[in-house]
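Printed here is final-v8.csv (CSV, C-alpha atoms and all ligand atoms):
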chain,number,residue,atom,x,y,z
E,1,MET,CA,-26.9,-26.4,5.4
E,2,SER,CA,-25.7,-24.3,8.4
E,3,ALA,CA,-24.0,-21.0,8.2
E,4,GLY,CA,-20.8,-22.7,9.4
E,5,GLU,CA,-20.9,-25.2,6.5
E,6,ALA,CA,-21.7,-22.3,4.1
E,7,LEU,CA,-18.5,-20.5,5.2
E,8,ARG,CA,-16.5,-23.7,4.4
E,9,ALA,CA,-17.7,-23.7,0.7
E,10,SER,CA,-15.0,-24.1,-1.9
E,11,ARG,CA,-15.8,-20.8,-3.5
E,12,LEU,CA,-17.1,-17.7,-1.7
E,13,THR,CA,-18.0,-14.2,-2.5
E,14,VAL,CA,-17.8,-11.8,0.5
E,15,LYS,CA,-19.5,-8.4,0.2
E,16,ILE,CA,-18.4,-5.7,2.6
E,17,GLY,CA,-20.6,-2.7,3.2
E,18,SER,CA,-19.3,0.9,3.5
E,19,SER,CA,-20.4,1.1,7.1
E,20,LEU,CA,-17.8,-1.5,8.0
E,21,LEU,CA,-14.9,0.0,6.1
E,22,VAL,CA,-15.3,3.7,6.5
E,23,ARG,CA,-15.8,5.8,9.5
E,24,GLU,CA,-18.3,8.7,9.5
E,25,ASP,CA,-15.3,11.1,9.2
E,26,GLY,CA,-14.5,9.4,5.8
E,27,SER,CA,-11.4,7.5,7.0
E,28,LEU,CA,-10.7,3.9,6.3
E,29,ARG,CA,-10.9,1.3,9.1
E,30,ARG,CA,-7.5,-0.3,8.5
E,31,VAL,CA,-7.5,-2.4,11.7
E,32,TRP,CA,-10.8,-4.0,10.6
E,33,LEU,CA,-9.6,-4.5,7.1
E,34,ASP,CA,-6.4,-6.1,8.3
E,35,ALA,CA,-8.5,-8.5,10.5
E,36,LEU,CA,-10.6,-9.5,7.5
E,37,ALA,CA,-7.5,-10.0,5.4
E,38,ARG,CA,-6.1,-12.4,7.9
E,39,ASP,CA,-9.4,-14.3,7.9
E,40,ILE,CA,-9.4,-14.4,4.1
E,41,ALA,CA,-5.9,-15.8,4.2
E,42,ARG,CA,-7.0,-18.5,6.6
E,43,LEU,CA,-9.8,-19.6,4.2
E,44,ARG,CA,-7.4,-19.5,1.2
E,45,GLY,CA,-4.9,-21.5,3.3
E,46,ARG,CA,-7.3,-24.4,3.5
E,47,GLY,CA,-8.0,-24.3,-0.2
E,48,GLN,CA,-11.1,-22.1,-0.4
E,49,GLU,CA,-11.4,-19.5,-3.2
E,50,VAL,CA,-12.5,-16.1,-2.0
E,51,MET,CA,-13.5,-13.0,-4.0
E,52,VAL,CA,-14.6,-9.8,-2.5
E,53,VAL,CA,-17.2,-7.2,-3.5
E,54,THR,CA,-16.3,-4.0,-1.6
E,55,SER,CA,-18.2,-0.8,-1.1
E,56,GLY,CA,-16.7,2.3,0.3
E,57,ALA,CA,-15.5,4.4,-2.7
E,58,ILE,CA,-18.0,7.1,-2.3
E,59,ALA,CA,-17.8,7.2,1.5
E,60,LEU,CA,-14.0,7.5,1.3
E,61,GLY,CA,-13.9,9.9,-1.6
E,62,TRP,CA,-16.0,12.8,-0.7
E,63,ARG,CA,-13.8,13.9,2.2
E,64,ALA,CA,-10.8,13.5,0.0
E,65,LEU,CA,-12.3,15.9,-2.5
E,66,GLY,CA,-13.0,18.5,0.2
E,67,LEU,CA,-16.8,18.3,-0.1
E,68,ALA,CA,-18.6,19.4,3.0
E,69,ARG,CA,-21.0,16.4,3.2
E,70,ARG,CA,-21.7,13.1,1.6
E,71,PRO,CA,-22.9,13.9,-2.0
E,72,VAL,CA,-26.5,13.3,-3.2
E,73,LYS,CA,-26.1,14.5,-6.8
E,74,LEU,CA,-25.1,11.8,-9.2
E,75,GLU,CA,-22.1,13.7,-10.7
E,76,GLU,CA,-20.8,14.4,-7.2
E,77,LYS,CA,-21.2,10.8,-6.1
E,78,GLN,CA,-19.3,9.8,-9.3
E,79,ALA,CA,-16.5,12.2,-8.6
E,80,ALA,CA,-16.4,10.9,-5.0
E,81,ALA,CA,-16.2,7.4,-6.2
E,82,ALA,CA,-13.4,8.2,-8.6
E,83,ALA,CA,-11.4,9.8,-5.8
E,84,GLY,CA,-12.4,7.1,-3.2
E,85,GLN,CA,-11.8,4.0,-5.4
E,86,ILE,CA,-8.1,4.5,-5.6
E,87,LEU,CA,-7.9,4.9,-1.8
E,88,LEU,CA,-10.1,1.8,-1.3
E,89,ALA,CA,-8.0,-0.3,-3.7
E,90,ARG,CA,-4.9,0.8,-1.9
E,91,GLY,CA,-6.3,-0.2,1.4
E,92,TRP,CA,-7.2,-3.6,0.1
E,93,GLN,CA,-3.9,-4.0,-1.6
E,94,GLU,CA,-2.0,-3.2,1.5
E,95,SER,CA,-4.1,-5.3,3.8
E,96,LEU,CA,-4.0,-8.4,1.6
E,97,ALA,CA,-0.3,-8.0,0.8
E,98,GLY,CA,0.3,-8.0,4.6
E,99,VAL,CA,-0.9,-11.6,4.6
E,100,GLY,CA,0.9,-12.5,1.4
E,101,LEU,CA,-2.1,-12.3,-1.0
E,102,THR,CA,-2.3,-10.6,-4.3
E,103,THR,CA,-5.2,-8.2,-5.0
E,104,ALA,CA,-6.8,-7.9,-8.4
E,105,GLN,CA,-9.2,-5.0,-8.9
E,106,ILE,CA,-12.3,-5.4,-11.0
E,107,LEU,CA,-14.7,-2.6,-11.7
E,108,VAL,CA,-18.0,-3.6,-13.3
E,109,THR,CA,-21.1,-2.0,-14.6
E,110,LEU,CA,-24.6,-3.4,-14.8
E,111,GLU,CA,-24.2,-3.9,-18.5
E,112,ASP,CA,-21.2,-6.2,-17.9
E,113,THR,CA,-23.4,-8.6,-16.0
E,114,GLU,CA,-26.2,-8.4,-18.5
E,115,SER,CA,-24.4,-8.8,-21.9
E,116,ARG,CA,-23.8,-12.5,-22.2
E,117,ARG,CA,-20.4,-12.1,-23.9
E,118,ARG,CA,-19.1,-9.7,-21.3
E,119,TYR,CA,-20.6,-11.9,-18.6
E,120,LEU,CA,-18.7,-15.0,-19.9
E,121,ASN,CA,-15.5,-13.0,-20.2
E,122,GLY,CA,-16.0,-11.7,-16.6
E,123,ARG,CA,-16.6,-15.3,-15.5
E,124,ALA,CA,-13.4,-16.5,-17.2
E,125,THR,CA,-11.3,-13.7,-15.8
E,126,LEU,CA,-12.6,-14.4,-12.2
E,127,ALA,CA,-11.9,-18.1,-12.6
E,128,THR,CA,-8.4,-17.4,-13.9
E,129,LEU,CA,-7.6,-15.0,-11.0
E,130,LEU,CA,-8.8,-17.5,-8.5
E,131,ARG,CA,-6.8,-20.2,-10.1
E,132,LEU,CA,-3.7,-18.1,-9.9
E,133,GLY,CA,-4.3,-17.5,-6.2
E,134,ALA,CA,-5.3,-13.8,-6.4
E,135,VAL,CA,-8.1,-12.2,-4.5
E,136,PRO,CA,-10.5,-10.5,-6.9
E,137,VAL,CA,-11.7,-7.2,-5.3
E,138,VAL,CA,-14.8,-6.0,-7.2
E,139,ASN,CA,-16.7,-2.7,-7.0
E,140,GLU,CA,-19.2,-1.0,-9.3
E,141,ASN,CA,-17.6,1.2,-11.9
E,142,ASP,CA,-19.5,4.1,-10.4
E,143,THR,CA,-17.9,6.9,-12.4
E,144,VAL,CA,-19.2,5.8,-15.8
E,145,GLY,CA,-22.8,4.7,-15.0
E,146,THR,CA,-25.8,7.0,-15.4
E,147,ALA,CA,-28.6,6.7,-12.9
E,148,GLU,CA,-30.6,4.3,-15.1
E,149,ILE,CA,-27.7,1.9,-15.8
E,150,ARG,CA,-26.2,1.7,-12.3
E,151,PHE,CA,-26.7,-1.1,-9.8
E,152,GLY,CA,-26.5,1.7,-7.3
E,153,ASP,CA,-26.0,-0.7,-4.4
E,154,ASN,CA,-23.3,-3.4,-4.0
E,155,ASP,CA,-25.7,-5.9,-2.5
E,156,ARG,CA,-27.2,-6.7,-5.8
E,157,LEU,CA,-23.9,-6.4,-7.6
E,158,SER,CA,-22.4,-9.0,-5.2
E,159,ALA,CA,-25.3,-11.4,-5.9
E,160,ARG,CA,-24.6,-11.1,-9.7
E,161,VAL,CA,-20.9,-11.5,-9.1
E,162,ALA,CA,-21.4,-14.6,-7.0
E,163,VAL,CA,-23.7,-16.1,-9.6
E,164,MET,CA,-21.2,-15.2,-12.4
E,165,ALA,CA,-18.4,-16.9,-10.6
E,166,SER,CA,-20.5,-19.9,-9.6
E,167,ALA,CA,-19.8,-19.2,-5.9
E,168,GLU,CA,-21.6,-21.6,-3.6
E,169,THR,CA,-21.8,-19.0,-0.8
E,170,LEU,CA,-22.3,-15.2,-0.7
E,171,VAL,CA,-21.5,-13.6,2.7
E,172,LEU,CA,-23.0,-10.2,3.2
E,173,LEU,CA,-21.0,-8.5,5.9
E,174,SER,CA,-22.7,-5.5,7.3
E,175,ASP,CA,-23.2,-3.5,10.6
E,176,VAL,CA,-26.2,-5.6,11.6
E,177,ASP,CA,-26.1,-9.3,12.6
E,178,GLY,CA,-28.9,-10.4,10.3
E,179,LEU,CA,-32.5,-9.8,9.3
E,180,TYR,CA,-34.9,-8.7,12.0
E,181,THR,CA,-38.7,-8.5,11.9
E,182,ALA,CA,-38.3,-4.7,11.7
E,183,ASN,CA,-35.3,-2.3,11.6
E,184,PRO,CA,-33.6,-2.9,15.0
E,185,ALA,CA,-32.1,0.6,14.9
E,186,SER,CA,-35.6,2.1,15.3
E,187,ASP,CA,-37.7,-0.7,16.8
E,188,PRO,CA,-36.3,-2.3,20.0
E,189,SER,CA,-38.9,-5.1,19.9
E,190,ALA,CA,-37.7,-6.4,16.5
E,191,ARG,CA,-36.9,-10.1,16.5
E,192,HIS,CA,-33.8,-11.7,14.9
E,193,LEU,CA,-34.5,-14.3,12.2
E,194,PRO,CA,-31.8,-17.1,12.0
E,195,VAL,CA,-33.0,-18.7,8.8
E,196,VAL,CA,-35.1,-17.3,5.9
E,197,ALA,CA,-36.2,-20.2,3.7
E,198,THR,CA,-37.7,-18.0,1.0
E,199,VAL,CA,-37.8,-14.2,0.5
E,200,THR,CA,-41.5,-13.8,0.5
E,201,PRO,CA,-43.4,-10.4,0.4
E,202,GLU,CA,-44.0,-10.8,4.2
E,203,ILE,CA,-40.2,-11.0,4.6
E,204,GLU,CA,-39.7,-8.0,2.3
E,205,ALA,CA,-42.1,-6.0,4.4
E,206,MET,CA,-39.7,-6.3,7.3
E,207,ALA,CA,-36.9,-4.5,5.5
E,208,GLY,CA,-36.2,-0.9,6.0
E,209,GLY,CA,-33.6,1.4,4.5
E,210,SER,CA,-30.2,2.3,5.8
E,211,VAL,CA,-29.9,4.6,8.8
E,212,SER,CA,-26.1,4.8,8.8
E,213,ALA,CA,-24.4,7.8,7.4
E,214,VAL,CA,-22.3,5.7,5.0
E,215,GLY,CA,-24.5,2.7,4.0
E,216,THR,CA,-26.7,2.8,0.9
E,217,GLY,CA,-29.3,0.2,0.3
E,218,GLY,CA,-30.3,-0.9,3.8
E,219,MET,CA,-32.0,-4.3,4.2
E,220,VAL,CA,-34.2,-3.9,1.0
E,221,SER,CA,-31.2,-4.4,-1.3
E,222,LYS,CA,-29.8,-7.2,0.9
E,223,LEU,CA,-33.0,-9.1,0.5
E,224,GLU,CA,-33.0,-8.5,-3.2
E,225,ALA,CA,-29.5,-9.8,-3.3
E,226,ALA,CA,-30.5,-12.9,-1.3
E,227,ARG,CA,-33.3,-13.6,-3.7
E,228,ILE,CA,-31.1,-13.3,-6.8
E,229,ALA,CA,-28.4,-15.5,-5.3
E,230,THR,CA,-30.5,-18.2,-3.7
E,231,ARG,CA,-32.5,-18.7,-6.9
E,232,SER,CA,-29.3,-19.3,-8.8
E,233,GLY,CA,-28.0,-21.9,-6.3
E,234,CYS,CA,-25.9,-19.7,-4.0
E,235,THR,CA,-26.5,-19.8,-0.2
E,236,VAL,CA,-26.4,-16.4,1.4
E,237,VAL,CA,-25.2,-15.6,5.0
E,238,LEU,CA,-26.0,-12.1,6.3
E,239,GLY,CA,-24.0,-11.2,9.3
E,240,LYS,CA,-22.1,-8.6,11.2
E,241,GLY,CA,-18.5,-7.8,10.4
E,242,THR,CA,-17.1,-8.1,13.9
E,243,LEU,CA,-13.7,-6.7,14.7
E,244,GLU,CA,-12.2,-10.0,15.5
E,245,GLN,CA,-12.1,-12.5,12.6
E,246,PRO,CA,-15.4,-11.5,11.0
E,247,LEU,CA,-15.6,-14.6,8.8
E,248,SER,CA,-14.4,-17.1,11.5
E,249,ALA,CA,-17.0,-15.7,13.9
E,250,LEU,CA,-19.8,-16.6,11.5
E,251,GLU,CA,-18.3,-20.0,10.8
E,252,ASN,CA,-18.1,-20.7,14.5
E,253,GLY,CA,-21.8,-19.9,15.3
E,254,GLY,CA,-21.9,-16.1,15.4
E,255,ARG,CA,-25.4,-14.7,15.0
E,256,CYS,CA,-26.5,-14.3,11.4
E,257,THR,CA,-29.3,-14.9,9.0
E,258,LEU,CA,-29.0,-17.9,6.6
E,259,PHE,CA,-30.8,-17.8,3.2
E,260,PRO,CA,-30.4,-21.4,1.9
E,261,ALA,CA,-29.9,-21.9,-1.9
E,262,GLN,CA,-33.2,-22.7,-3.6
E,263,THR,CA,-31.6,-25.0,-6.2
E,264,SER,CA,-28.2,-26.5,-7.0
E,265,LEU,CA,-25.7,-24.2,-8.8
E,266,MET,CA,-25.6,-26.6,-11.8
E,267,GLY,CA,-29.4,-26.9,-11.9
E,268,ALA,CA,-29.7,-23.1,-12.0
E,269,ARG,CA,-27.1,-22.8,-14.8
E,270,LYS,CA,-28.8,-25.5,-16.8
E,271,ASP,CA,-32.2,-23.8,-16.4
E,272,TRP,CA,-30.6,-20.6,-17.6
E,273,ILE,CA,-29.2,-22.3,-20.7
E,274,SER,CA,-32.3,-24.2,-21.6
E,275,GLY,CA,-34.8,-21.4,-20.7
E,276,SER,CA,-33.6,-17.9,-21.4
E,277,LEU,CA,-31.1,-18.1,-24.2
E,278,GLY,CA,-31.9,-17.7,-27.9
E,279,VAL,CA,-30.4,-20.2,-30.3
E,280,MET,CA,-27.9,-18.8,-32.8
E,281,GLY,CA,-27.0,-21.9,-34.8
E,282,SER,CA,-26.6,-25.7,-34.9
E,283,VAL,CA,-23.9,-28.3,-34.7
E,284,HIS,CA,-24.6,-31.6,-36.3
E,285,VAL,CA,-22.9,-34.6,-34.7
E,286,ASP,CA,-22.2,-38.2,-35.5
E,287,ALA,CA,-23.7,-41.3,-33.8
E,288,GLY,CA,-20.7,-41.7,-31.5
E,289,ALA,CA,-21.1,-38.2,-30.2
E,290,VAL,CA,-24.9,-38.7,-29.7
E,291,ALA,CA,-24.1,-41.7,-27.4
E,292,ALA,CA,-21.4,-39.8,-25.6
E,293,LEU,CA,-23.7,-36.8,-24.9
E,294,ARG,CA,-26.4,-39.1,-23.6
E,295,ARG,CA,-23.8,-40.6,-21.2
E,296,GLY,CA,-23.2,-37.0,-19.9
E,297,SER,CA,-19.9,-36.3,-21.7
E,298,SER,CA,-18.8,-33.0,-23.3
E,299,LEU,CA,-19.0,-32.6,-27.0
E,300,LEU,CA,-15.6,-32.9,-28.7
E,301,PRO,CA,-14.8,-31.3,-32.1
E,302,ALA,CA,-14.1,-34.8,-33.4
E,303,GLY,CA,-17.8,-35.7,-33.2
E,304,VAL,CA,-19.1,-32.7,-35.1
E,305,THR,CA,-20.0,-33.2,-38.8
E,306,ARG,CA,-21.4,-29.9,-39.8
E,307,VAL,CA,-21.9,-26.4,-38.4
E,308,GLU,CA,-24.8,-24.0,-39.3
E,309,GLY,CA,-25.5,-20.4,-38.3
E,310,ALA,CA,-23.5,-17.3,-37.5
E,311,PHE,CA,-22.8,-17.6,-33.8
E,312,GLU,CA,-20.2,-16.1,-31.5
E,313,ARG,CA,-18.2,-17.8,-28.8
E,314,GLY,CA,-20.4,-18.4,-25.8
E,315,ASP,CA,-23.7,-18.3,-27.9
E,316,ALA,CA,-26.3,-21.0,-27.4
E,317,VAL,CA,-26.5,-23.6,-30.3
E,318,LEU,CA,-28.6,-26.7,-30.8
E,319,VAL,CA,-26.8,-30.0,-31.1
E,320,ARG,CA,-28.5,-32.1,-33.9
E,321,THR,CA,-28.4,-35.9,-34.4
E,322,PRO,CA,-27.4,-37.3,-37.8
E,323,GLU,CA,-31.2,-37.4,-38.6
E,324,GLY,CA,-31.3,-33.6,-37.8
E,325,ARG,CA,-33.3,-34.0,-34.6
E,326,ALA,CA,-32.5,-31.5,-31.8
E,327,LEU,CA,-30.7,-33.5,-29.1
E,328,ALA,CA,-29.2,-30.8,-26.8
E,329,LYS,CA,-28.7,-27.1,-26.3
E,330,GLY,CA,-25.4,-25.7,-25.2
E,331,LEU,CA,-22.9,-22.8,-25.1
E,332,CYS,CA,-20.4,-23.3,-27.9
E,333,ALA,CA,-16.7,-22.6,-26.9
E,334,TYR,CA,-15.9,-21.4,-30.4
E,335,ASP,CA,-17.5,-19.0,-32.9
E,336,ALA,CA,-19.0,-20.4,-36.0
E,337,PRO,CA,-16.0,-20.0,-38.4
E,338,GLU,CA,-13.7,-21.6,-35.8
E,339,ALA,CA,-16.2,-24.4,-35.1
E,340,CYS,CA,-16.3,-25.1,-38.9
E,341,ARG,CA,-12.5,-25.3,-39.1
E,342,ILE,CA,-12.1,-27.8,-36.2
E,343,ALA,CA,-15.3,-29.9,-36.9
E,344,GLY,CA,-14.4,-33.5,-37.3
E,345,ARG,CA,-10.8,-33.0,-36.1
E,346,ARG,CA,-9.0,-34.5,-33.2
E,347,THR,CA,-8.2,-32.4,-30.1
E,348,ALA,CA,-4.5,-32.5,-30.8
E,349,GLU,CA,-5.0,-30.8,-34.1
E,350,ILE,CA,-6.9,-27.7,-32.7
E,351,GLU,CA,-3.9,-25.6,-32.1
E,352,ALA,CA,-2.4,-26.0,-35.5
E,353,LEU,CA,-5.8,-25.3,-37.2
E,354,LEU,CA,-6.6,-22.2,-35.1
E,355,GLY,CA,-3.2,-20.8,-34.4
E,356,TYR,CA,-3.8,-20.8,-30.7
E,357,ARG,CA,-4.4,-23.4,-28.0
E,358,GLY,CA,-8.2,-23.5,-27.8
E,359,ARG,CA,-10.4,-25.4,-25.5
E,360,GLU,CA,-10.5,-29.2,-25.9
E,361,VAL,CA,-14.2,-29.3,-26.1
E,362,MET,CA,-16.7,-27.8,-28.5
E,363,ILE,CA,-19.3,-27.7,-25.8
E,364,HIS,CA,-18.4,-28.5,-22.1
E,365,ARG,CA,-20.8,-30.8,-20.3
E,366,ASP,CA,-21.6,-28.0,-17.7
E,367,ASP,CA,-22.7,-25.9,-20.6
E,368,LEU,CA,-24.9,-28.5,-22.2
E,369,VAL,CA,-28.6,-29.5,-21.6
E,370,LEU,CA,-30.1,-32.6,-23.2
E,371,LEU,CA,-33.6,-31.7,-24.6
D,401,LIG,N1,-35.5,-5.6,9.1
D,401,LIG,C1,-34.2,-5.2,9.3
D,401,LIG,N2,-33.3,-6.0,9.9
D,401,LIG,C2,-32.0,-5.6,10.1
D,401,LIG,N3,-31.5,-4.4,9.6
D,401,LIG,C3,-32.4,-3.5,9.0
D,401,LIG,C4,-33.8,-3.9,8.8
D,401,LIG,N4,-34.3,-2.9,8.1
D,401,LIG,C5,-33.4,-1.9,7.9
D,401,LIG,N5,-32.2,-2.3,8.4
D,401,LIG,C6,-31.0,-1.5,8.4
D,401,LIG,O1,-30.1,-1.9,7.4
D,401,LIG,C7,-28.8,-1.5,7.8
D,401,LIG,C8,-27.7,-2.2,6.9
D,401,LIG,O2,-27.7,-1.7,5.6
D,401,LIG,P1,-26.7,-0.6,5.1
D,401,LIG,O3,-26.6,0.6,6.1
D,401,LIG,O4,-27.0,-0.3,3.7
D,401,LIG,O5,-25.3,-1.4,5.3
D,401,LIG,P2,-24.1,-1.8,4.3
D,401,LIG,O6,-23.2,-0.6,4.3
D,401,LIG,O7,-23.5,-2.9,5.1
D,401,LIG,O8,-24.7,-2.2,3.0
D,401,LIG,C9,-28.8,-1.8,9.2
D,401,LIG,O9,-27.8,-1.1,10.0
D,401,LIG,C10,-30.2,-1.5,9.7
D,401,LIG,O10,-30.3,-0.2,10.2
D,402,LIG,N1,-20.1,1.4,-5.3
D,402,LIG,C1,-20.4,2.1,-4.1
D,402,LIG,C2,-21.1,1.2,-3.1
D,402,LIG,C3,-22.5,1.7,-2.7
D,402,LIG,C4,-23.1,0.7,-1.8
D,402,LIG,O1,-23.8,-0.2,-2.1
D,402,LIG,O2,-22.8,0.8,-0.5
D,402,LIG,P1,-23.2,-0.2,0.7
D,402,LIG,O3,-24.7,-0.1,1.0
D,402,LIG,O4,-22.4,0.3,1.9
D,402,LIG,O5,-22.8,-1.5,0.3
D,402,LIG,C5,-19.1,2.6,-3.4
D,402,LIG,O6,-18.1,2.0,-3.5
D,402,LIG,O7,-19.2,3.7,-2.7
Reformat the file's structure so that it appears as structure tokens.
Amino acid sequence: MSAGEALRASRLTVKIGSSLLVREDGSLRRVWLDALARDIARLRGRGQEVMVVTSGAIALGWRALGLARRPVKLEEKQAAAAAGQILLARGWQESLAGVGLTTAQILVTLEDTESRRRYLNGRATLATLLRLGAVPVVNENDTVGTAEIRFGDNDRLSARVAVMASAETLVLLSDVDGLYTANPASDPSARHLPVVATVTPEIEAMAGGSVSAVGTGGMVSKLEAARIATRSGCTVVLGKGTLEQPLSALENGGRCTLFPAQTSLMGARKDWISGSLGVMGSVHVDAGAVAALRRGSSLLPAGVTRVEGAFERGDAVLVRTPEGRALAKGLCAYDAPEACRIAGRRTAEIEALLGYRGREVMIHRDDLVLL
């Protein structure tokens, strides 16, 4: 896949570094943000879904608070983030409104991406916002995190958000047009790398920190983001946020580094379900459901004969055959009491049984792995 194709993906996460959005004097680069907003509108106009992960709160906030320099102490950074986030959100809201798009702010912590229930909720909210045509604008909730539980850099956060939303492409827009064999800011002989097939230790050794007055993680955190995303089936494009149409420029052959996905999105999701999740219960199914699951269908409540265990919505459960054999593992769309109530019932009956309009499926086929 080329960078141009990656930019035409149906769902993209675009991460914007502080160095692009904020001048060294702490003011917002509105002209650049307006140009990016026009580019996002163009992508949306041809049916692509775009979500943004934006840095810049700390870089915008410290001046607003009257601090003499960019803070280094955690509590001052957090104060700067609190003052800066509201300016950042306003900038996004105004620029996106200028091209007719609605902004939806999401502030997340590391915990939100690690606790599975919060992760699934975040995933559902992102999907809903995208379906409704809004542009989710995500940043870390810097003011509540202690040093140990912060991402600390938005590169890794953007990789987690991209994976959470099943984005096919993550675009990292920075002040550098890709990965070089050494930091080009300090080594003029550094060579540009157009494609990195795998982030190996040799590649990691090329990365240096940030030399800009506003950036945070430098290349180290971008490579970490590339590793997280590509392993989960998301292709990463690292490029420079040019003033004119930053996304179009990359789509049309602008210099960048491409990190191709190592697996398919669905393959990575299924690996995650089959490998890393503990099983919290079982649903027993009838012979018709066994045949349907083997054909690749979702599990409907009608095929469920019995429910065991105390699981929550989104927990992993085993699907058992009438003989009790484990046939599949999947994420249940209902908690155990609800699953009991709708077991064996037709889809049309779900709303009356639960008092709300639940999902049609007990386990969606995307959330199911045959064992
Ligand atoms: N091997 C490398 N190739 C490219 N850039 C590098 C490399 N090592 C370090 N860098 C630095 O990383 C910087 C980008 O990171 P950073 O300042 O954190 O930006 P952002 O605000 O976009 O996250 C570049 O400006 C560059 O100085
Ligand atoms: N959450 C922080 C982002 C810190 C960060 O990762 O910055 P950058 O290296 O510019 O992407 C902020 O908004 O200031």
Check your understanding: Nearest to ligand LIG 402 (chain D) among E:Gly98, E:Gly218, E:Gly66, E:Gly47, with distances taken over only C-alpha atoms and all ligand atoms: which residue is it?
Key ->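 The answer is E:Gly218, which sits nearest to ligand LIG 402 (chain D).
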Please report, as CSV, each residue of chain E lying at most 9 Å from ligand LIG 401 (chain D), together with the nearest pair of atoms and the separation in Å rounded to one decimal; use only C-alpha atoms and all ligand atoms, and order rows by chain and ascending residue number.
residue,atom,partner,partner_atom,distance
E:Lys15,CA,D:LIG401,O7,8.4
E:Ile16,CA,D:LIG401,O7,6.3
E:Gly17,CA,D:LIG401,O7,3.5
E:Ser18,CA,D:LIG401,O6,4.3
E:Ser19,CA,D:LIG401,O6,4.3
E:Leu20,CA,D:LIG401,O7,6.5
E:Leu21,CA,D:LIG401,O6,8.5
E:Ser55,CA,D:LIG401,O6,7.4
E:Gly56,CA,D:LIG401,O6,8.2
E:Asp153,CA,D:LIG401,O8,7.7
E:Asn154,CA,D:LIG401,O8,7.2
E:Asp155,CA,D:LIG401,O8,6.7
E:Leu172,CA,D:LIG401,O7,7.6
E:Leu173,CA,D:LIG401,O7,6.2
E:Ser174,CA,D:LIG401,O7,3.5
E:Asp175,CA,D:LIG401,O9,5.2
E:Val176,CA,D:LIG401,O9,5.0
E:Asp177,CA,D:LIG401,C2,7.4
E:Gly178,CA,D:LIG401,C2,5.7
E:Leu179,CA,D:LIG401,N2,3.9
E:Tyr180,CA,D:LIG401,N2,3.8
E:Thr181,CA,D:LIG401,N1,5.1
E:Ala182,CA,D:LIG401,N1,3.9
E:Asn183,CA,D:LIG401,C4,3.6
E:Pro184,CA,D:LIG401,C2,5.8
E:Ala185,CA,D:LIG401,O10,5.1
E:Ser186,CA,D:LIG401,O10,7.7
E:Ala190,CA,D:LIG401,N1,7.8
E:Arg191,CA,D:LIG401,N2,8.6
E:His192,CA,D:LIG401,N2,7.6
E:Leu193,CA,D:LIG401,N2,8.7
E:Ile203,CA,D:LIG401,N1,8.5
E:Glu204,CA,D:LIG401,N1,8.3
E:Ala205,CA,D:LIG401,N1,8.1
E:Met206,CA,D:LIG401,N1,4.6
E:Ala207,CA,D:LIG401,N4,4.0
E:Gly208,CA,D:LIG401,N4,3.5
E:Gly209,CA,D:LIG401,C5,4.7
E:Ser210,CA,D:LIG401,O3,4.0
E:Val211,CA,D:LIG401,O10,5.0
E:Ser212,CA,D:LIG401,O3,5.0
E:Ala213,CA,D:LIG401,O3,7.6
E:Val214,CA,D:LIG401,O6,6.4
E:Gly215,CA,D:LIG401,O6,3.6
E:Thr216,CA,D:LIG401,O4,4.2
E:Gly217,CA,D:LIG401,O4,4.1
E:Gly218,CA,D:LIG401,O2,3.3
E:Met219,CA,D:LIG401,O1,4.4
E:Val220,CA,D:LIG401,N4,7.2
E:Ser221,CA,D:LIG401,O4,7.7
E:Lys222,CA,D:LIG401,O8,7.4
E:Lys240,CA,D:LIG401,O7,8.5
E:Gly241,CA,D:LIG401,O7,8.8
**Study point:** Distance in Å - CA of Leu101 in chain E versus CA of Leu126 in chain E
**Key:** 15.5 Å
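Across E:Glu360, E:Glu148, E:Asp142, E:Glu308, the tightest approach to ligand LIG 402 (chain D) is made by E:Asp142 when counting all atoms listed in the file.
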Expected axis-aligned box over every listed atom of ligand LIG 402 (chain D), 3 Å added per side, centre plus edges in Å to one decimal, as AutoDock Vina command-line options:
--center_x -21.4 --center_y 1.1 --center_z -1.7 --size_x 12.6 --size_y 11.2 --size_z 13.2
Check your understanding: Could you state the separation of CA of Gln262 in chain E and CA of Cys234 in chain E in Å, given to one decimal place?
Key ->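 For CA of Gln262 in chain E relative to CA of Cys234 in chain E, the distance reads 7.9 Å.
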Exercise for review: Figure out the distance between CA of Ser248 in chain E and CA of Gln48 in chain E, please, to one decimal in Å.
Suggested key: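 Going from CA of Gln48 in chain E over to CA of Ser248 in chain E, I get 13.3 Å.
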Check your understanding: Neighbours of Tyr119 in chain E within 12 Å (all atoms listed in the file; same-chain residues fewer than 5 positions away dropped), as a PyMOL selection string?
Key -> chain E and resi 108-114+124-126+160-165+314-315
Exercise for review: Name the residues, using the chain letters and numbers of the file, that sit within 12 Å of (-24.4, -27.3, -23.1) when counting all atoms listed in the file, and give them as a ChimeraX atom specification.
Suggested key: /E:266,269-274,277,279,283,293-294,296-300,314-319,327-333,361-371
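Comparing E:Gly288, E:Gly281, E:Gly152, E:Gly133 by their smallest distance to Ala336 in chain E, the closest is E:Gly281 (using all atoms listed in the file).
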Check your understanding: Quick one: residues within 9 Å of Val138 in chain E, all atoms listed in the file counted, chain neighbours fewer than 6 positions away excluded, as a list in words?
Key -> Met51, Val52, Val53, Thr54, Ser55, Ala104, Gln105, Ile106, Leu107, Val108, Ser158 and Val161 of chain E
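Distances from E:Thr198, E:Thr235, E:Gln85, E:Asn252 to ligand LIG 402 (chain D) were compared using only C-alpha atoms and all ligand atoms, and the smallest one belongs to E:Gln85.
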